[in-house]
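Structure data (TSV, C-alpha atoms) from protein19.tsv:
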```
chain	number	residue	atom	x	y	z
A	1	MET	CA	26.42	74.85	-8.94
A	2	THR	CA	23.68	72.29	-8.12
A	3	ARG	CA	24.89	68.66	-7.75
A	4	MET	CA	22.27	66.64	-9.66
A	5	LEU	CA	23.36	63.21	-8.40
A	6	GLY	CA	23.20	64.23	-4.76
A	7	MET	CA	19.96	66.13	-5.09
A	8	ARG	CA	17.23	65.11	-2.58
A	9	ARG	CA	13.74	64.53	-3.92
A	10	SER	CA	10.90	66.61	-2.50
A	11	PRO	CA	8.05	64.74	-0.75
A	12	LEU	CA	5.79	65.61	-3.70
A	13	CYS	CA	8.19	64.07	-6.22
A	14	ALA	CA	8.47	60.89	-4.10
A	15	LEU	CA	4.69	60.58	-3.99
A	16	VAL	CA	4.36	60.96	-7.76
A	17	LEU	CA	7.08	58.39	-8.37
A	18	THR	CA	5.40	55.91	-6.01
A	19	LEU	CA	2.06	56.31	-7.77
A	20	LEU	CA	3.66	55.79	-11.19
A	21	LEU	CA	5.42	52.64	-10.05
A	22	SER	CA	2.23	51.27	-8.46
A	23	SER	CA	0.32	51.88	-11.68
A	24	PHE	CA	2.95	50.03	-13.67
A	25	LEU	CA	2.90	47.04	-11.35
A	26	LEU	CA	-0.88	46.82	-11.58
A	27	VAL	CA	-1.03	46.76	-15.35
A	28	ALA	CA	2.26	45.12	-16.33
A	29	PRO	CA	1.74	41.41	-16.95
A	30	ARG	CA	3.80	39.04	-14.86
A	31	PRO	CA	5.09	35.83	-16.40
A	32	ALA	CA	3.16	32.81	-15.18
A	33	PRO	CA	5.25	30.34	-13.21
A	34	ALA	CA	6.29	27.38	-15.25
A	35	ASP	CA	4.37	24.20	-14.51
A	36	ALA	CA	6.36	21.32	-13.17
A	37	ALA	CA	7.18	18.91	-15.95
A	38	THR	CA	4.76	16.02	-16.20
A	39	PRO	CA	6.62	12.73	-15.75
A	40	LEU	CA	6.92	10.51	-18.81
A	41	THR	CA	5.17	7.17	-18.81
A	42	VAL	CA	7.34	4.09	-19.20
A	43	ALA	CA	6.05	3.62	-22.75
A	44	GLN	CA	7.04	7.19	-23.61
A	45	ALA	CA	10.47	6.72	-22.05
A	46	ILE	CA	11.05	3.51	-24.02
A	47	GLY	CA	10.21	5.39	-27.22
A	48	THR	CA	12.42	8.37	-26.34
A	49	GLN	CA	15.91	6.98	-25.86
A	50	SER	CA	17.52	10.27	-26.86
A	51	SER	CA	20.13	10.70	-24.10
A	52	SER	CA	18.04	13.60	-22.79
A	53	THR	CA	17.21	14.10	-19.12
A	54	ALA	CA	13.68	13.26	-18.00
A	55	THR	CA	11.57	12.15	-15.05
A	56	VAL	CA	9.76	8.85	-15.59
A	57	ARG	CA	6.86	7.51	-13.54
A	58	GLY	CA	6.28	3.77	-13.30
A	59	TYR	CA	5.64	0.80	-11.05
A	60	VAL	CA	8.57	-1.18	-9.69
A	61	VAL	CA	8.13	-4.66	-11.18
A	62	GLY	CA	11.51	-6.25	-10.47
A	63	GLN	CA	15.27	-6.08	-10.92
A	64	PRO	CA	16.88	-6.50	-14.35
A	65	THR	CA	19.83	-8.87	-14.32
A	66	ALA	CA	20.25	-9.30	-18.10
A	67	THR	CA	18.80	-7.90	-21.33
A	68	SER	CA	15.73	-10.15	-21.21
A	69	THR	CA	15.72	-11.16	-17.54
A	70	VAL	CA	13.95	-9.42	-14.66
A	71	VAL	CA	13.78	-11.13	-11.27
A	72	THR	CA	10.98	-10.53	-8.76
A	73	SER	CA	12.56	-12.14	-5.69
A	74	GLY	CA	15.98	-13.24	-4.46
A	75	PHE	CA	17.42	-9.90	-5.59
A	76	PRO	CA	21.20	-10.19	-6.02
A	77	ASN	CA	22.05	-6.55	-5.28
A	78	ASP	CA	20.70	-2.98	-5.18
A	79	TYR	CA	21.99	-1.85	-8.58
A	80	ALA	CA	18.86	-1.59	-10.76
A	81	LEU	CA	15.07	-1.39	-11.00
A	82	ALA	CA	12.65	-2.39	-13.73
A	83	LEU	CA	9.70	-0.01	-14.17
A	84	ALA	CA	6.43	-0.58	-16.04
A	85	ASP	CA	3.17	1.28	-16.56
A	86	SER	CA	1.23	-1.50	-14.81
A	87	PRO	CA	2.24	-3.28	-11.59
A	88	GLY	CA	1.28	-6.61	-13.13
A	89	THR	CA	3.58	-6.33	-16.19
A	90	THR	CA	5.74	-9.38	-16.89
A	91	ALA	CA	6.90	-8.69	-20.48
A	92	THR	CA	10.40	-7.20	-20.40
A	93	GLY	CA	9.70	-5.39	-23.66
A	94	SER	CA	7.28	-3.15	-21.75
A	95	MET	CA	9.78	-2.35	-19.02
A	96	LEU	CA	12.32	0.42	-18.53
A	97	TYR	CA	15.59	-0.59	-16.84
A	98	VAL	CA	16.76	2.00	-14.31
A	99	GLN	CA	20.36	2.29	-13.14
A	100	ILE	CA	20.69	3.06	-9.42
A	101	PRO	CA	23.87	5.02	-8.60
A	102	SER	CA	25.73	4.06	-5.42
A	103	ALA	CA	24.38	7.04	-3.45
A	104	PHE	CA	20.79	5.75	-3.83
A	105	ARG	CA	21.25	1.99	-3.50
A	106	SER	CA	20.67	1.62	0.24
A	107	ALA	CA	17.38	3.53	-0.02
A	108	TRP	CA	16.04	2.38	-3.40
A	109	GLY	CA	17.61	-0.99	-4.21
A	110	LEU	CA	15.40	-4.06	-4.09
A	111	LYS	CA	17.77	-6.31	-2.17
A	112	THR	CA	17.63	-3.91	0.77
A	113	ASN	CA	14.05	-2.74	0.17
A	114	PRO	CA	12.07	-5.63	-1.39
A	115	SER	CA	8.73	-4.07	-0.40
A	116	LEU	CA	9.29	-1.46	-3.12
A	117	LEU	CA	7.84	-4.04	-5.51
A	118	GLY	CA	4.50	-2.80	-6.77
A	119	LYS	CA	5.11	0.80	-5.69
A	120	GLN	CA	4.82	3.69	-8.16
A	121	VAL	CA	7.92	5.87	-8.25
A	122	ASP	CA	9.31	8.91	-10.07
A	123	VAL	CA	12.92	8.64	-11.23
A	124	THR	CA	14.96	11.36	-12.94
A	125	GLY	CA	17.87	10.39	-15.16
A	126	THR	CA	19.21	10.09	-18.71
A	127	LEU	CA	17.09	8.30	-21.31
A	128	ALA	CA	19.70	5.83	-22.54
A	129	ALA	CA	20.15	2.07	-22.87
A	130	TYR	CA	21.01	-0.01	-19.83
A	131	PHE	CA	21.75	-3.75	-20.07
A	132	SER	CA	21.37	-3.22	-23.88
A	133	HIS	CA	17.71	-2.45	-23.19
A	134	PRO	CA	15.70	0.82	-23.13
A	135	GLY	CA	16.72	2.44	-19.89
A	136	LEU	CA	17.28	5.39	-17.60
A	137	THR	CA	20.90	5.86	-16.55
A	138	SER	CA	22.82	8.19	-14.23
A	139	SER	CA	19.69	8.58	-12.13
A	140	SER	CA	19.80	11.72	-10.00
A	141	ALA	CA	16.50	11.66	-8.06
A	142	PHE	CA	14.08	9.06	-6.71
A	143	ALA	CA	10.71	9.62	-5.03
A	144	LEU	CA	7.42	7.89	-4.44
A	145	ALA	CA	4.88	9.06	-7.01
A	146	GLY	CA	2.07	11.43	-6.13
A	147	GLY	CA	3.94	13.66	-3.73
A	148	GLY	CA	4.63	10.96	-1.17
A	149	THR	CA	7.64	10.76	1.07
A	150	THR	CA	11.00	10.25	-0.56
A	151	THR	CA	11.79	7.55	1.98
A	152	PRO	CA	11.19	4.24	0.24
A	153	PRO	CA	8.55	1.91	1.61
A	154	GLY	CA	11.11	-0.66	2.69
A	155	ASP	CA	13.02	1.78	4.86
A	156	THR	CA	10.54	2.18	7.72
A	157	GLY	CA	12.44	0.81	10.66
A	158	SER	CA	10.44	-2.42	10.65
A	159	SER	CA	12.09	-5.83	10.88
A	160	GLY	CA	11.32	-6.51	7.23
A	161	ILE	CA	11.05	-9.78	5.35
A	162	PRO	CA	13.33	-12.54	6.60
A	163	ALA	CA	16.02	-13.52	4.14
A	164	GLY	CA	14.86	-16.32	1.87
A	165	TYR	CA	11.28	-16.27	3.18
A	166	TYR	CA	9.75	-16.22	-0.32
A	167	ASP	CA	12.41	-18.24	-2.15
A	168	ALA	CA	9.95	-21.09	-2.82
A	169	ALA	CA	7.71	-18.67	-4.73
A	170	ALA	CA	10.46	-17.32	-7.00
A	171	GLY	CA	9.63	-17.48	-10.69
A	172	LYS	CA	6.10	-18.83	-10.16
A	173	SER	CA	2.77	-17.35	-11.21
A	174	GLY	CA	-0.94	-18.19	-11.14
A	175	ALA	CA	-2.00	-21.37	-9.34
A	176	ALA	CA	1.63	-22.46	-8.88
A	177	LEU	CA	2.39	-19.22	-7.05
A	178	ALA	CA	-0.68	-19.62	-4.82
A	179	THR	CA	0.40	-23.17	-3.95
A	180	ALA	CA	3.93	-22.03	-3.14
A	181	LEU	CA	2.67	-19.22	-0.93
A	182	HIS	CA	0.36	-21.59	0.92
A	183	GLY	CA	3.34	-23.81	1.67
A	184	ILE	CA	5.25	-20.81	3.02
A	185	ILE	CA	2.56	-19.40	5.33
A	186	ASP	CA	0.67	-22.46	6.61
A	187	GLY	CA	1.56	-24.29	9.80
A	188	ASN	CA	1.50	-21.01	11.74
A	189	ARG	CA	1.01	-20.67	15.48
A	190	THR	CA	-2.63	-20.12	16.44
A	191	LEU	CA	-4.37	-18.06	19.11
A	192	THR	CA	-7.47	-18.69	21.15
A	193	TYR	CA	-10.38	-16.33	20.58
A	194	THR	CA	-9.75	-14.83	24.03
A	195	GLN	CA	-6.10	-14.15	23.18
A	196	VAL	CA	-7.26	-12.18	20.12
A	197	TRP	CA	-8.55	-9.41	22.41
A	198	ASP	CA	-5.07	-8.73	23.80
A	199	ALA	CA	-3.33	-9.18	20.45
A	200	LEU	CA	-5.52	-6.60	18.70
A	201	LYS	CA	-4.71	-4.11	21.45
A	202	VAL	CA	-1.10	-4.36	20.25
A	203	THR	CA	-1.41	-4.82	16.48
A	204	ASP	CA	-4.03	-2.08	16.07
A	205	GLN	CA	-2.87	0.38	18.71
A	206	ASP	CA	-3.46	4.06	17.94
A	207	PRO	CA	0.03	5.50	17.25
A	208	ALA	CA	-1.11	8.81	18.73
A	209	ASN	CA	-2.56	7.29	21.92
A	210	SER	CA	-1.17	4.07	23.34
A	211	ASN	CA	-4.32	3.59	25.44
A	212	ASN	CA	-6.50	3.25	22.33
A	213	VAL	CA	-7.00	1.10	19.25
A	214	ILE	CA	-8.12	2.23	15.78
A	215	GLU	CA	-11.31	0.67	14.42
A	216	ILE	CA	-10.73	-0.60	10.89
A	217	TYR	CA	-13.93	0.56	9.18
A	218	SER	CA	-14.84	3.70	11.12
A	219	GLY	CA	-11.29	4.90	11.78
A	220	ARG	CA	-12.38	5.86	15.31
A	221	SER	CA	-9.82	5.81	18.11
A	222	ILE	CA	-11.35	4.10	21.14
A	223	ALA	CA	-10.06	3.01	24.54
A	224	LYS	CA	-8.58	-0.49	24.53
A	225	SER	CA	-10.53	-1.23	27.68
A	226	ASN	CA	-13.86	-0.32	26.05
A	227	ASN	CA	-14.23	-3.66	24.31
A	228	GLY	CA	-17.14	-6.09	24.39
A	229	GLY	CA	-20.55	-6.50	22.85
A	230	GLY	CA	-22.33	-3.34	23.96
A	231	SER	CA	-23.32	-0.31	21.92
A	232	GLY	CA	-20.40	2.09	21.60
A	233	GLN	CA	-17.82	-0.59	22.33
A	234	TRP	CA	-15.42	-2.29	19.93
A	235	ASN	CA	-15.30	-5.98	19.18
A	236	ARG	CA	-13.44	-8.50	16.99
A	237	GLU	CA	-14.43	-8.10	13.35
A	238	HIS	CA	-13.84	-11.04	11.00
A	239	THR	CA	-13.22	-9.31	7.68
A	240	TRP	CA	-13.67	-12.80	6.21
A	241	PRO	CA	-17.04	-13.66	7.84
A	242	GLN	CA	-17.23	-16.85	9.86
A	243	SER	CA	-20.28	-17.96	7.86
A	244	HIS	CA	-18.28	-17.80	4.60
A	245	GLY	CA	-16.53	-21.02	5.62
A	246	ASP	CA	-18.31	-22.05	8.80
A	247	PHE	CA	-15.07	-21.87	10.79
A	248	GLY	CA	-16.40	-20.30	14.00
A	249	THR	CA	-13.96	-18.98	16.59
A	250	SER	CA	-11.86	-22.04	17.33
A	251	ALA	CA	-8.12	-21.66	16.76
A	252	GLY	CA	-7.54	-21.25	13.02
A	253	PRO	CA	-9.20	-18.92	10.50
A	254	GLY	CA	-11.57	-17.66	13.19
A	255	THR	CA	-8.63	-16.35	15.24
A	256	ASP	CA	-6.20	-15.39	12.48
A	257	LEU	CA	-4.91	-11.87	13.11
A	258	HIS	CA	-4.18	-11.20	9.45
A	259	HIS	CA	-7.90	-10.63	8.89
A	260	LEU	CA	-9.25	-9.88	12.39
A	261	ARG	CA	-9.54	-6.18	13.24
A	262	PRO	CA	-11.17	-3.99	15.92
A	263	GLU	CA	-14.51	-2.45	14.95
A	264	ASP	CA	-17.44	-0.65	16.52
A	265	VAL	CA	-20.13	-3.12	17.57
A	266	THR	CA	-22.91	-1.38	15.63
A	267	VAL	CA	-20.85	-0.92	12.44
A	268	ASN	CA	-19.71	-4.54	12.71
A	269	SER	CA	-23.36	-5.61	12.88
A	270	THR	CA	-24.19	-3.48	9.83
A	271	ARG	CA	-21.43	-5.17	7.84
A	272	GLY	CA	-22.58	-8.60	9.06
A	273	ASN	CA	-21.49	-11.32	6.63
A	274	LYS	CA	-21.83	-9.22	3.48
A	275	ASP	CA	-19.37	-9.43	0.61
A	276	PHE	CA	-17.27	-6.42	-0.37
A	277	ASP	CA	-18.33	-4.22	-3.27
A	278	ASN	CA	-18.74	-0.56	-4.19
A	279	GLY	CA	-21.89	1.45	-3.54
A	280	GLY	CA	-24.97	1.53	-1.39
A	281	SER	CA	-26.21	3.90	1.29
A	282	ALA	CA	-24.03	5.74	3.78
A	283	VAL	CA	-23.35	3.86	7.03
A	284	ALA	CA	-24.02	5.72	10.29
A	285	SER	CA	-20.94	6.28	12.49
A	286	CYS	CA	-18.64	5.15	9.66
A	287	SER	CA	-17.65	8.08	7.47
A	288	GLY	CA	-16.91	6.97	3.90
A	289	CYS	CA	-18.57	3.57	4.34
A	290	PHE	CA	-21.52	2.35	2.26
A	291	THR	CA	-23.74	-0.71	2.30
A	292	ASP	CA	-26.68	-2.35	0.56
A	293	ALA	CA	-28.54	-5.63	0.97
A	294	ASP	CA	-25.58	-7.87	0.15
A	295	SER	CA	-22.37	-5.83	0.15
A	296	PHE	CA	-20.26	-3.44	2.20
A	297	GLU	CA	-17.79	-0.74	1.12
A	298	PRO	CA	-15.23	0.52	3.70
A	299	ARG	CA	-13.56	3.94	3.74
A	300	ASP	CA	-10.96	4.52	1.02
A	301	SER	CA	-7.88	4.63	3.26
A	302	VAL	CA	-8.26	1.00	4.40
A	303	LYS	CA	-9.64	-0.66	1.27
A	304	GLY	CA	-6.24	-2.03	0.33
A	305	ASP	CA	-5.58	-3.28	3.87
A	306	ILE	CA	-8.84	-5.22	3.86
A	307	ALA	CA	-8.31	-6.60	0.34
A	308	ARG	CA	-4.83	-7.89	1.14
A	309	GLY	CA	-6.07	-9.50	4.37
A	310	LEU	CA	-8.74	-11.39	2.42
A	311	MET	CA	-6.21	-12.47	-0.22
A	312	TYR	CA	-4.07	-13.90	2.58
A	313	MET	CA	-7.06	-15.88	3.89
A	314	SER	CA	-7.79	-17.34	0.46
A	315	VAL	CA	-4.23	-18.60	0.04
A	316	ARG	CA	-3.64	-19.65	3.66
A	317	TYR	CA	-6.77	-21.81	4.04
A	318	GLU	CA	-6.95	-24.35	1.23
A	319	GLY	CA	-9.08	-27.08	2.81
A	320	GLY	CA	-6.52	-28.48	5.21
A	321	ASP	CA	-6.34	-28.11	9.02
A	322	GLY	CA	-9.94	-29.34	9.22
A	323	PHE	CA	-11.29	-26.08	7.77
A	324	ALA	CA	-13.04	-25.17	4.53
A	325	ASP	CA	-11.20	-24.16	1.36
A	326	LEU	CA	-11.68	-20.38	1.41
A	327	GLU	CA	-11.83	-18.85	-2.05
A	328	LEU	CA	-12.30	-15.37	-3.50
A	329	ASN	CA	-14.59	-15.05	-6.51
A	330	ASN	CA	-16.32	-12.30	-8.43
A	331	THR	CA	-19.84	-12.36	-7.07
A	332	VAL	CA	-21.80	-11.93	-3.83
A	333	ASN	CA	-22.09	-15.27	-2.12
A	334	GLY	CA	-24.36	-15.40	0.89
A	335	THR	CA	-22.97	-17.96	3.32
A	336	VAL	CA	-21.02	-20.39	1.12
A	337	PRO	CA	-17.19	-20.72	1.55
A	338	TYR	CA	-16.54	-17.97	-0.99
A	339	LEU	CA	-16.14	-14.21	-0.72
A	340	GLY	CA	-16.27	-11.46	-3.31
A	341	LYS	CA	-15.81	-9.49	-5.30
A	342	ILE	CA	-12.25	-10.18	-6.37
A	343	SER	CA	-12.30	-7.62	-9.20
A	344	VAL	CA	-13.21	-4.93	-6.67
A	345	LEU	CA	-10.63	-6.13	-4.15
A	346	LEU	CA	-7.88	-6.02	-6.78
A	347	ALA	CA	-8.87	-2.45	-7.63
A	348	TRP	CA	-8.90	-1.50	-3.96
A	349	SER	CA	-5.46	-3.00	-3.41
A	350	ALA	CA	-4.03	-1.05	-6.34
A	351	ALA	CA	-5.68	2.23	-5.32
A	352	ASP	CA	-4.65	1.97	-1.65
A	353	PRO	CA	-1.00	0.86	-1.61
A	354	VAL	CA	0.67	-0.79	1.36
A	355	SER	CA	1.37	1.72	4.15
A	356	ALA	CA	4.11	1.79	6.77
A	357	ALA	CA	1.51	0.97	9.44
A	358	GLU	CA	0.34	-2.06	7.46
A	359	ARG	CA	3.90	-3.32	7.09
A	360	ALA	CA	4.58	-2.82	10.79
A	361	ARG	CA	1.41	-4.77	11.68
A	362	ASN	CA	2.51	-7.62	9.40
A	363	ASP	CA	5.93	-7.66	11.07
A	364	ARG	CA	4.36	-7.75	14.53
A	365	ILE	CA	2.03	-10.64	13.72
A	366	TYR	CA	4.98	-12.55	12.26
A	367	SER	CA	7.39	-11.92	15.12
A	368	ASP	CA	5.12	-11.91	18.18
A	369	TYR	CA	2.04	-14.00	17.44
A	370	GLN	CA	1.68	-16.32	14.46
A	371	GLY	CA	5.10	-16.76	12.87
A	372	ASN	CA	3.72	-16.21	9.36
A	373	ARG	CA	3.41	-13.20	7.10
A	374	ASN	CA	0.84	-11.80	4.66
A	375	PRO	CA	2.50	-12.22	1.23
A	376	PHE	CA	0.27	-9.58	-0.36
A	377	ILE	CA	1.67	-6.92	1.96
A	378	ASP	CA	5.27	-7.96	1.29
A	379	HIS	CA	4.65	-8.50	-2.45
A	380	PRO	CA	1.49	-6.71	-3.66
A	381	GLU	CA	2.29	-7.77	-7.22
A	382	TYR	CA	1.46	-11.39	-6.32
A	383	ALA	CA	-2.28	-10.52	-6.37
A	384	GLU	CA	-2.49	-9.75	-10.07
A	385	SER	CA	-0.50	-12.90	-10.85
A	386	ILE	CA	-2.87	-15.19	-8.92
A	387	TRP	CA	-6.21	-13.57	-9.72
```
Rewrite the coordinates I just gave you, this time as structure tokens.
Amino acid sequence: MTRMLGMRRSPLCALVLTLLLSSFLLVAPRPAPADAATPLTVAQAIGTQSSSTATVRGYVVGQPTATSTVVTSGFPNDYALALADSPGTTATGSMLYVQIPSAFRSAWGLKTNPSLLGKQVDVTGTLAAYFSHPGLTSSSAFALAGGGTTTPPGDTGSSGIPAGYYDAAAGKSGAALATALHGIIDGNRTLTYTQVWDALKVTDQDPANSNNVIEIYSGRSIAKSNNGGGSGQWNREHTWPQSHGDFGTSAGPGTDLHHLRPEDVTVNSTRGNKDFDNGGSAVASCSGCFTDADSFEPRDSVKGDIARGLMYMSVRYEGGDGFADLELNNTVNGTVPYLGKISVLLAWSAADPVSAAERARNDRIYSDYQGNRNPFIDHPEYAESIW
């Protein structure tokens, strides 16, 4: 008697079966992979306090300490975040209060990581009240928005902001905040213009080649030793032009590392003393840069760096020290002690958030050279409050 279960298929049967299966796979529809859930906005999360689980995307705008109180400095602990749909939000009614479980506090709490302020994050948790306010509790995942690293900006191995450094600015806004910041960052150590050469070789060193620096506009890596005034060399670019304040290169604004950067001699000449704005014709040897008769646009990846350096200059130099009162405004200015356009610079700062390299440069200038910091790197949210 033939044993059906143990019967071996003939080669012809195997071929027919293979063809039938191949035909089925070609015509049978496969289910499309499910799209990743789109994060809720803060406004949507506030309106959906249903105890359901969701991921919410928002900007870190402070730490809630009570139902109607959110602090933006002097953070008491790492227990909570306040999120909003705009980094400049100050109304607590437009904020979502996020509970930070103990496992996430060292990486995502504001006391430990104050430079998270102004960063856009994705947080997954339960849509439920916290501090008797619309909230997100039992949070189970934190990440920088847009596919960035899950390591928070404040956890980069840099020295960070000294304790109490910005205490005098706490609770202030507008002109009062600008005045407080000026009081914090003025009186810094100064360099000679010759010393700037050596300092830039440290602050702007190419992380992939310690013999080189990175030019701010072009992004080119060039030998530190190839500096000077000749074609193909790099020199000291004043992102705030000397003529927009007539401060020259004596110790002070003309030697302040927070706005001085390495740049190719020819590209530096093309920029000249122009204001910053969008548009124009492409700049040779500077991919992503554009210029016209009165303005210059740098490449996207450094627009925020440049904007925050100029904001520092405007707050640091207020007419004392024997120098002009440097001010940002919303026009193109020629050679007067103003620089523009502030509306464009604010947009650039928001679109190009503070990077780890920018924070490390700020730390180095503070610890090794000038003894002062750029507040708009440490607290990007200050910009919208002042301008």
Pull the closest atom pair for each residue of range 96-124 of chain A that gets at most 8 Å from range 76-85 of chain A, along with the distance in Å to one decimal, counting only C-alpha atoms, ordering rows by chain and then ascending residue number, as JSON lines.
```
{"residue": "A:Leu96", "atom": "CA", "partner": "A:Leu83", "partner_atom": "CA", "distance": 5.1}
{"residue": "A:Tyr97", "atom": "CA", "partner": "A:Ala82", "partner_atom": "CA", "distance": 4.6}
{"residue": "A:Val98", "atom": "CA", "partner": "A:Leu81", "partner_atom": "CA", "distance": 5.0}
{"residue": "A:Gln99", "atom": "CA", "partner": "A:Ala80", "partner_atom": "CA", "distance": 4.8}
{"residue": "A:Ile100", "atom": "CA", "partner": "A:Tyr79", "partner_atom": "CA", "distance": 5.1}
{"residue": "A:Pro101", "atom": "CA", "partner": "A:Tyr79", "partner_atom": "CA", "distance": 7.1}
{"residue": "A:Ser102", "atom": "CA", "partner": "A:Tyr79", "partner_atom": "CA", "distance": 7.7}
{"residue": "A:Arg105", "atom": "CA", "partner": "A:Asp78", "partner_atom": "CA", "distance": 5.3}
{"residue": "A:Ser106", "atom": "CA", "partner": "A:Asp78", "partner_atom": "CA", "distance": 7.1}
{"residue": "A:Trp108", "atom": "CA", "partner": "A:Asp78", "partner_atom": "CA", "distance": 7.3}
{"residue": "A:Gly109", "atom": "CA", "partner": "A:Asp78", "partner_atom": "CA", "distance": 3.8}
{"residue": "A:Leu110", "atom": "CA", "partner": "A:Asp78", "partner_atom": "CA", "distance": 5.5}
{"residue": "A:Lys111", "atom": "CA", "partner": "A:Asn77", "partner_atom": "CA", "distance": 5.3}
{"residue": "A:Thr112", "atom": "CA", "partner": "A:Asp78", "partner_atom": "CA", "distance": 6.8}
```
Using all atoms of range 116-126 of chain A listed in the file and a margin of 8 Å per side, can you give the axis-aligned box centre and edge lengths in Å to one decimal, as AutoDock Vina command-line options?
```
--center_x 11.9 --center_y 3.7 --center_z -10.9 --size_x 30.7 --size_y 31.4 --size_z 31.6
```
Closest to Pro337 in chain A among A:Pro87, A:Gly319, A:Gly304, A:Gly228, using all atoms listed in the file? A:Gly319
List the residues sitting within 9 Å of (4.3, -22.0, 13.3) in the file's frame, using only C-alpha atoms, as an MDAnalysis selection string. chainID A and resid 185:190 370:372
Written file, previous selection with C-alpha atoms, as a short mmCIF file (atom, residue, chain, number, x, y, z; two decimals), keeping the file's coordinate frame:
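That gives us out_9.cif:
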```
data_model
loop_
_atom_site.label_atom_id
_atom_site.label_comp_id
_atom_site.auth_asym_id
_atom_site.auth_seq_id
_atom_site.Cartn_x
_atom_site.Cartn_y
_atom_site.Cartn_z
CA ILE A 185 2.56 -19.40 5.33
CA ASP A 186 0.67 -22.46 6.61
CA GLY A 187 1.56 -24.29 9.80
CA ASN A 188 1.50 -21.01 11.74
CA ARG A 189 1.01 -20.67 15.48
CA THR A 190 -2.63 -20.12 16.44
CA GLN A 370 1.68 -16.32 14.46
CA GLY A 371 5.10 -16.76 12.87
CA ASN A 372 3.72 -16.21 9.36
#
```
Polymer residues at most 7 Å from Arg261 in chain A, all atoms listed in the file, same-chain spacing of 5 or more positions, as a PDB file with C-alpha atoms, in the coordinates of the input:
```
ATOM      1  CA  LEU A 200      -5.520  -6.600  18.700  1.00  0.00           C
ATOM      2  CA  ILE A 216     -10.730  -0.600  10.890  1.00  0.00           C
ATOM      3  CA  ARG A 236     -13.440  -8.500  16.990  1.00  0.00           C
ATOM      4  CA  GLU A 237     -14.430  -8.100  13.350  1.00  0.00           C
ATOM      5  CA  HIS A 238     -13.840 -11.040  11.000  1.00  0.00           C
TER       6      HIS A 238
END
```
Gly93 in chain A: which residues within 10 Å, counting all atoms listed in the file, same-chain residues fewer than 6 positions away excluded, as a PyMOL selection string? chain A and resi 43+46+67-68+84+133-134
Using all atoms listed in the file for the distances, tell me which of A:Thr55, A:Ser139, A:Asn211, A:Thr239 is nearest to Lys303 in chain A.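 The shortest atom-to-atom distance to Lys303 in chain A comes from A:Thr239.
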Would you mind reading off the distance between CA of Ala383 in chain A and CA of Phe296 in chain A, one decimal, in Å?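 According to the coordinates, CA of Ala383 in chain A and CA of Phe296 in chain A are separated by 21.1 Å.
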Can you list every residue of range 164-225 of chain A that has an atom at most 12 Å from range 341-360 of chain A, with its nearest atom pair and the distance in Å to one decimal, using only C-alpha atoms, ordered by chain then number, as JSON lines?
```
{"residue": "A:Val202", "atom": "CA", "partner": "A:Ala360", "partner_atom": "CA", "distance": 11.1}
{"residue": "A:Thr203", "atom": "CA", "partner": "A:Ala360", "partner_atom": "CA", "distance": 8.5}
{"residue": "A:Asp204", "atom": "CA", "partner": "A:Ala357", "partner_atom": "CA", "distance": 9.2}
{"residue": "A:Gln205", "atom": "CA", "partner": "A:Ala357", "partner_atom": "CA", "distance": 10.3}
{"residue": "A:Asp206", "atom": "CA", "partner": "A:Ala357", "partner_atom": "CA", "distance": 10.3}
{"residue": "A:Pro207", "atom": "CA", "partner": "A:Ala357", "partner_atom": "CA", "distance": 9.1}
{"residue": "A:Ile214", "atom": "CA", "partner": "A:Ala357", "partner_atom": "CA", "distance": 11.6}
{"residue": "A:Ile216", "atom": "CA", "partner": "A:Glu358", "partner_atom": "CA", "distance": 11.7}
```
Point-to-point distance from CA of Tyr312 in chain A to CA of Asn374 in chain A, Å rounded to tenths: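 CA of Tyr312 in chain A sits 5.7 Å away from CA of Asn374 in chain A.
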Near-range 218-222 of chain A list (7 Å; only C-alpha atoms; drop same-chain fewer than 3 positions) as a list in words: Asp206, Asn212, Val213, Ile214, Glu215, Ser285, Cys286 and Ser287 of chain A
May I ask which of the residues A:Ala178, A:Ile161, A:Ala103, A:Val283 is the closest one to Thr266 in chain A, counting all atoms listed in the file?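 Nearest candidate to Thr266 in chain A out of A:Ala178, A:Ile161, A:Ala103, A:Val283: A:Val283.
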Taking into account all atoms listed in the file, which residue in the set A:Ala223, A:Val60, A:Ala129, A:Ala168 is nearest to Leu144 in chain A? A:Val60
One-decimal distance in Å that lies between CA of Ser243 in chain A and CA of Leu326 in chain A: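 Calculated distance between CA of Leu326 in chain A and CA of Ser243 in chain A is 11.0 Å.
Distances to Ser225 in chain A were evaluated for A:Pro241, A:Lys201, A:Pro39, A:Lys119 using all atoms listed in the file, and the minimum falls at A:Lys201.
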Tell me which residues come within 6 Å of (-15.4, 2.1, 5.4), as an mmCIF file with C-alpha atoms, in the coordinates of the input, counting only C-alpha atoms in the file's coordinates.
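Result file is part_31.cif:
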```cif
data_model
loop_
_atom_site.group_PDB
_atom_site.id
_atom_site.type_symbol
_atom_site.label_atom_id
_atom_site.label_comp_id
_atom_site.auth_asym_id
_atom_site.auth_seq_id
_atom_site.Cartn_x
_atom_site.Cartn_y
_atom_site.Cartn_z
ATOM 1 C CA TYR A 217 -13.930 0.560 9.180
ATOM 2 C CA SER A 218 -14.840 3.700 11.120
ATOM 3 C CA GLY A 288 -16.910 6.970 3.900
ATOM 4 C CA CYS A 289 -18.570 3.570 4.340
ATOM 5 C CA GLU A 297 -17.790 -0.740 1.120
ATOM 6 C CA PRO A 298 -15.230 0.520 3.700
ATOM 7 C CA ARG A 299 -13.560 3.940 3.740
#
```
For Val315 in chain A, the nearest of the candidates A:Thr69, A:Ser132, A:Thr179, A:Thr92, counting only C-alpha atoms: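 Closest to Val315 in chain A, using only C-alpha atoms: A:Thr179.
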